[in-house]
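Reviewing the structure listed below.
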Amino acid sequence: MISLYRPGDSVLHRLPAGPKLLVVMALALAISLAPANPWSLAGTTLAVAGGYLLAGLGAVEVGRQAWRLRWLVLVMVLCQVFFLPGLTVAANVVRVIVVILLANLVTLTTRTEDLVDAIERALSPLRRLGVNPSRVALMLSMTITTIPVIAGFAAQIREAQRARGVPLAPLAFVVPLLIMTLKHSDDLADALTARGID
Amino acid sequence: MTEIELSAVTVEFPARTALRDVSVRLHERRIAVIGSNGSGKSTFARTLNGLVTPTTGEVRVHGIDPVRQSRQLRRRVGFVFSNPDTQIIMPTVAEDAAFSLRGRGLSRAEVRERVAAALDRIGLSEYADSPAHTLSGGQKQLLALCAVLIGEPSLVVADEPTAYLDAANSRRIARFLLDEMPQQLVLATHDLGLAARCDIALRFEDGQLVDQGDPAPVIARYEHDQDQE
């Protein structure tokens, strides 16, 4: 499930979503622009890990979140290792990991509802240009909700194929997935209508 | 109990006629709708909250026209679908329940209070912050019901609400719908045991309302006809 929120009462949990998002954006920018210095990279990594401890999530959670990025790290290393000096490759990988861990820290300590509300408020000046912030916020929430549903469809199709002894065939996988997704979007549209959203 | 009224309602889809000239007035609290697959049960249920627009004829639900006064109607009529997965719109349990209160001018504190009370009533309080898609089938259907009831509708339309559930969860949902919930209920179902517990049963075949009245004799005639086929 993409909604990662872990209930808690830490300082980070209590911080309002808007300022938290702004701070993360500023930190992400600073980390990306910082020189490839091993000490500053180590300092940033420790600071982010400290954020997890401050949120009461524990060191294990830092490790778990970092482990999830292993394939991304592998791809990044393979793409750069033959062309760039070792320190630059390490710095790039560490920067990406730290920024993702930082973003995850926000989602772990902020309710989706609060994040979406903050985004809706941030978009409100665009109302003059014809953008409807509520619609954008609703779309974001529904995207977050729908990702695990579609992942579930994919798992069902693979199980059905395995049960019939069918080897992994891209077309036989993509076509039913598309059909199930379109059917789901129809049903979801009905559910939205039934709940008063036209 | 206020009325549901259909006058000469026909619903035509591109490939078939789903309802044919249906006229009925209903004021009972628990209304069962039975019939074979494709008989028109679901279409009848969907006309009651404007999900399906009649090709001809008129529908009035508690005095409201579901097509022309759709916004007003959806505050009065809640709809529970058969597949609980397709009803979840927001990521977490509490957020999904709160979604039904959008646009009602309530403060965040009022929304949280009503969500907490509604989840407590239906027994989902401990899952408030859980991702909705990690709930079991029965819990998801309870959440769908919670999302409907939190809006305080006067009519709940349920289209096969127990179709995806195991026996224990079916009993739980049925008990809630038929015994605990005070609202008027239209229940489209294949489960004749549930239909028998309603105050009136309507039977549809091939888009036509072919029988109505006390559930026991309507169900007996339905079962007899099925046995003959």
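Letters for chains follow the order of the structure tokens (A, B, ...), residue numbers begin at 1 for each chain, and ligand numbers begin at 1 in the order shown.
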
So that I can check the surroundings of region 178-187 of chain A, please list as a VMD selection string every protein, DNA and RNA residue that reaches within 9 Å of it, counting only C-alpha atoms and ignoring chain neighbours fewer than 4 positions away. (chain A and resid 149 to 150 153 173 to 174 191 to 192) or (chain B and resid 85 to 87)

Contacts of region 111-126 of chain B within 10 Å, only C-alpha atoms, excl. fewer than 3 positions in-chain, as a PDB file with N, CA and C atoms, in the first residue's frame:
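As written to disk, out_28.pdb reads:
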```
ATOM      1  N   VAL B  93      -9.023   4.143   5.921  1.00  0.00           N
ATOM      2  CA  VAL B  93     -10.396   3.872   6.357  1.00  0.00           C
ATOM      3  C   VAL B  93     -11.102   5.176   6.770  1.00  0.00           C
ATOM      4  N   ALA B  94     -10.445   5.954   7.645  1.00  0.00           N
ATOM      5  CA  ALA B  94     -11.074   7.186   8.139  1.00  0.00           C
ATOM      6  C   ALA B  94     -11.270   8.193   7.003  1.00  0.00           C
ATOM      7  N   GLU B  95     -10.283   8.278   6.110  1.00  0.00           N
ATOM      8  CA  GLU B  95     -10.387   9.236   4.997  1.00  0.00           C
ATOM      9  C   GLU B  95     -11.524   8.854   4.062  1.00  0.00           C
ATOM     10  N   ASP B  96     -11.710   7.536   3.846  1.00  0.00           N
ATOM     11  CA  ASP B  96     -12.777   7.100   2.950  1.00  0.00           C
ATOM     12  C   ASP B  96     -14.149   7.423   3.557  1.00  0.00           C
ATOM     13  N   ALA B  97     -14.283   7.200   4.868  1.00  0.00           N
ATOM     14  CA  ALA B  97     -15.549   7.532   5.531  1.00  0.00           C
ATOM     15  C   ALA B  97     -15.788   9.042   5.459  1.00  0.00           C
ATOM     16  N   ALA B  98     -14.711   9.819   5.680  1.00  0.00           N
ATOM     17  CA  ALA B  98     -14.831  11.290   5.684  1.00  0.00           C
ATOM     18  C   ALA B  98     -15.187  11.832   4.300  1.00  0.00           C
ATOM     19  N   PHE B  99     -14.809  11.095   3.261  1.00  0.00           N
ATOM     20  CA  PHE B  99     -15.050  11.557   1.889  1.00  0.00           C
ATOM     21  C   PHE B  99     -16.534  11.822   1.639  1.00  0.00           C
ATOM     22  N   SER B 100     -17.401  11.027   2.284  1.00  0.00           N
ATOM     23  CA  SER B 100     -18.849  11.188   2.070  1.00  0.00           C
ATOM     24  C   SER B 100     -19.368  12.509   2.635  1.00  0.00           C
ATOM     25  N   LEU B 101     -18.569  13.168   3.476  1.00  0.00           N
ATOM     26  CA  LEU B 101     -19.028  14.420   4.099  1.00  0.00           C
ATOM     27  C   LEU B 101     -18.495  15.655   3.372  1.00  0.00           C
ATOM     28  N   ARG B 102     -17.780  15.433   2.266  1.00  0.00           N
ATOM     29  CA  ARG B 102     -17.255  16.576   1.489  1.00  0.00           C
ATOM     30  C   ARG B 102     -18.395  17.473   1.041  1.00  0.00           C
ATOM     31  N   ARG B 104     -20.254  19.500   2.657  1.00  0.00           N
ATOM     32  CA  ARG B 104     -21.414  19.685   3.533  1.00  0.00           C
ATOM     33  C   ARG B 104     -21.208  20.838   4.502  1.00  0.00           C
ATOM     34  N   GLY B 105     -20.092  21.548   4.332  1.00  0.00           N
ATOM     35  CA  GLY B 105     -19.840  22.730   5.153  1.00  0.00           C
ATOM     36  C   GLY B 105     -19.485  22.407   6.595  1.00  0.00           C
ATOM     37  N   LEU B 106     -18.978  21.206   6.855  1.00  0.00           N
ATOM     38  CA  LEU B 106     -18.606  20.839   8.228  1.00  0.00           C
ATOM     39  C   LEU B 106     -17.141  21.199   8.478  1.00  0.00           C
ATOM     40  N   SER B 107     -16.827  21.558   9.730  1.00  0.00           N
ATOM     41  CA  SER B 107     -15.434  21.854  10.066  1.00  0.00           C
ATOM     42  C   SER B 107     -14.669  20.524  10.154  1.00  0.00           C
ATOM     43  N   ARG B 108     -13.328  20.616  10.138  1.00  0.00           N
ATOM     44  CA  ARG B 108     -12.529  19.385  10.207  1.00  0.00           C
ATOM     45  C   ARG B 108     -12.788  18.643  11.509  1.00  0.00           C
ATOM     46  N   ASP B 129      -6.813   4.391  10.825  1.00  0.00           N
ATOM     47  CA  ASP B 129      -5.656   4.875  10.074  1.00  0.00           C
ATOM     48  C   ASP B 129      -5.054   3.811   9.160  1.00  0.00           C
ATOM     49  N   SER B 130      -5.714   2.665   9.059  1.00  0.00           N
ATOM     50  CA  SER B 130      -5.167   1.586   8.211  1.00  0.00           C
ATOM     51  C   SER B 130      -5.495   1.856   6.745  1.00  0.00           C
ATOM     52  N   LEU B 135      -7.973  -4.194   4.386  1.00  0.00           N
ATOM     53  CA  LEU B 135      -9.062  -4.788   5.172  1.00  0.00           C
ATOM     54  C   LEU B 135      -9.533  -6.081   4.508  1.00  0.00           C
ATOM     55  N   GLN B 139     -14.808  -6.512   6.115  1.00  0.00           N
ATOM     56  CA  GLN B 139     -14.514  -5.189   6.692  1.00  0.00           C
ATOM     57  C   GLN B 139     -14.656  -4.104   5.633  1.00  0.00           C
ATOM     58  N   LYS B 140     -14.244  -4.409   4.394  1.00  0.00           N
ATOM     59  CA  LYS B 140     -14.398  -3.410   3.316  1.00  0.00           C
ATOM     60  C   LYS B 140     -15.872  -3.110   3.080  1.00  0.00           C
ATOM     61  N   LEU B 142     -18.232  -3.392   5.272  1.00  0.00           N
ATOM     62  CA  LEU B 142     -18.679  -2.595   6.422  1.00  0.00           C
ATOM     63  C   LEU B 142     -18.253  -1.133   6.241  1.00  0.00           C
ATOM     64  N   LEU B 143     -17.028  -0.945   5.711  1.00  0.00           N
ATOM     65  CA  LEU B 143     -16.557   0.429   5.465  1.00  0.00           C
ATOM     66  C   LEU B 143     -17.454   1.106   4.412  1.00  0.00           C
ATOM     67  N   LEU B 145     -20.539   0.494   3.860  1.00  0.00           N
ATOM     68  CA  LEU B 145     -21.797   0.823   4.544  1.00  0.00           C
ATOM     69  C   LEU B 145     -21.627   2.051   5.423  1.00  0.00           C
ATOM     70  N   CYS B 146     -20.480   2.090   6.114  1.00  0.00           N
ATOM     71  CA  CYS B 146     -20.174   3.219   6.995  1.00  0.00           C
ATOM     72  C   CYS B 146     -20.127   4.512   6.179  1.00  0.00           C
ATOM     73  N   ALA B 147     -19.476   4.427   4.996  1.00  0.00           N
ATOM     74  CA  ALA B 147     -19.353   5.605   4.130  1.00  0.00           C
ATOM     75  C   ALA B 147     -20.722   6.073   3.642  1.00  0.00           C
ATOM     76  N   LEU B 149     -23.702   5.426   5.458  1.00  0.00           N
ATOM     77  CA  LEU B 149     -24.529   5.829   6.607  1.00  0.00           C
ATOM     78  C   LEU B 149     -24.059   7.134   7.248  1.00  0.00           C
ATOM     79  N   ILE B 150     -22.772   7.461   7.096  1.00  0.00           N
ATOM     80  CA  ILE B 150     -22.248   8.685   7.713  1.00  0.00           C
ATOM     81  C   ILE B 150     -22.925   9.926   7.111  1.00  0.00           C
ATOM     82  N   GLY B 151     -23.397   9.779   5.876  1.00  0.00           N
ATOM     83  CA  GLY B 151     -24.110  10.898   5.239  1.00  0.00           C
ATOM     84  C   GLY B 151     -25.561  11.012   5.679  1.00  0.00           C
ATOM     85  N   ILE B 173     -23.222  -8.360   7.795  1.00  0.00           N
ATOM     86  CA  ILE B 173     -23.757  -7.279   6.966  1.00  0.00           C
ATOM     87  C   ILE B 173     -25.289  -7.339   6.957  1.00  0.00           C
ATOM     88  N   PHE B 176     -26.817  -6.086  10.113  1.00  0.00           N
ATOM     89  CA  PHE B 176     -26.750  -4.631  10.187  1.00  0.00           C
ATOM     90  C   PHE B 176     -27.826  -3.988   9.295  1.00  0.00           C
TER      91      PHE B 176
END
```

According to DSSP computed on the backbone, where in region 133-186 of chain B is there strand (DSSP E or B)? Give the residues as an MDAnalysis selection string. chainID B and resid 155:159 184:186

Neighbours of Ala28 (chain A) within 9 Å (only C-alpha atoms; same-chain residues fewer than 2 positions away dropped), as a compact mmCIF listing (two decimals) with N, CA and C atoms, in the first residue's frame?
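part_21.txt, written as the output of this step:
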```
# COMPACT_ATOMS: atom_id res chain seq x y z
N VAL A 23 9.86 22.42 3.76
CA VAL A 23 11.19 22.11 4.32
C VAL A 23 11.84 20.97 3.53
N VAL A 24 11.05 19.95 3.23
CA VAL A 24 11.61 18.80 2.49
C VAL A 24 12.06 19.23 1.10
N MET A 25 11.27 20.09 0.45
CA MET A 25 11.65 20.56 -0.88
C MET A 25 12.97 21.34 -0.80
N ALA A 26 13.09 22.20 0.22
CA ALA A 26 14.30 23.01 0.37
C ALA A 26 15.50 22.11 0.67
N ALA A 30 18.93 21.47 -1.43
CA ALA A 30 20.25 21.69 -0.82
C ALA A 30 21.12 20.43 -0.96
N ILE A 31 20.51 19.26 -0.72
CA ILE A 31 21.28 18.00 -0.82
C ILE A 31 21.75 17.78 -2.26
N SER A 32 20.89 18.10 -3.22
CA SER A 32 21.24 17.88 -4.63
C SER A 32 22.37 18.81 -5.07
N LEU A 33 22.40 20.04 -4.51
CA LEU A 33 23.39 21.02 -4.95
C LEU A 33 24.69 20.98 -4.14
N ARG A 95 22.88 10.86 -2.54
CA ARG A 95 21.93 11.98 -2.64
C ARG A 95 20.51 11.47 -2.93
N VAL A 98 19.08 9.57 0.07
CA VAL A 98 18.74 10.48 1.18
C VAL A 98 17.46 11.27 0.86
N VAL A 99 17.34 11.75 -0.38
CA VAL A 99 16.14 12.54 -0.74
C VAL A 99 14.90 11.65 -0.68
N ILE A 100 15.01 10.40 -1.16
CA ILE A 100 13.84 9.50 -1.12
C ILE A 100 13.48 9.17 0.33
N LEU A 102 13.98 11.01 2.86
CA LEU A 102 13.40 12.24 3.42
C LEU A 102 11.93 12.36 3.01
N ALA A 103 11.66 12.10 1.74
CA ALA A 103 10.27 12.17 1.25
C ALA A 103 9.42 11.11 1.96
```

Counting only C-alpha atoms, which residues of chain B sit at most 8 Å from some atom of chain A, and what is each one's closest atom pair with its distance in Å to one decimal, listed by chain and rising residue number, as a tab-separated table?
```
residue	atom	partner	partner_atom	distance
B:Asn49	CA	A:Ala194	CA	7.0
B:Leu51	CA	A:Asp190	CA	6.8
B:Arg71	CA	A:Gly196	CA	6.3
B:Arg74	CA	A:Gly196	CA	5.5
B:Arg75	CA	A:Gly196	CA	7.2
B:Gly78	CA	A:Ala194	CA	6.9
B:Phe79	CA	A:Ala194	CA	6.1
B:Phe81	CA	A:Ala191	CA	7.9
B:Asp85	CA	A:Val149	CA	7.9
B:Thr86	CA	A:Leu188	CA	5.6
B:Gln87	CA	A:Ala191	CA	5.4
B:Ile88	CA	A:Thr145	CA	7.8
B:Ile89	CA	A:Met142	CA	5.9
B:Met90	CA	A:Thr145	CA	5.7
B:Pro91	CA	A:Thr145	CA	4.6
B:Thr92	CA	A:Ser3	CA	7.5
B:Glu95	CA	A:Glu113	CA	6.6
B:Ser100	CA	A:Arg195	CA	6.2
B:Asp129	CA	A:Pro7	CA	7.2
B:Pro131	CA	A:Ser3	CA	6.4
B:His133	CA	A:Pro148	CA	7.5
B:Thr134	CA	A:Met1	CA	7.8
B:Val148	CA	A:Arg195	CA	7.7
```

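Reported to one decimal place, the separation of CA of Glu28 (chain B) from CA of Arg197 (chain B) is 12.5 Å.
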
Write out as a PyMOL selection string which residues come within 7 Å of Ala195 (chain B) when counting only C-alpha atoms, dropping same-chain ones fewer than 6 positions away. chain B and resi 32+201+215

Using only C-alpha atoms, the best pick from B:Arg16, B:Ile200, B:His27, B:Gln69 as closest to Pro217 (chain B) would be B:Ile200

I'd like the interatomic distance between CA of Val11 (chain A) and CA of Thr107 (chain A), to a tenth of an Å. 14.3 Å

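Proximity to Pro133 (chain A) was assessed for A:Glu61, A:Asp114, A:Glu120, A:Glu159 counting only C-alpha atoms; the smallest distance is recorded for A:Glu120.
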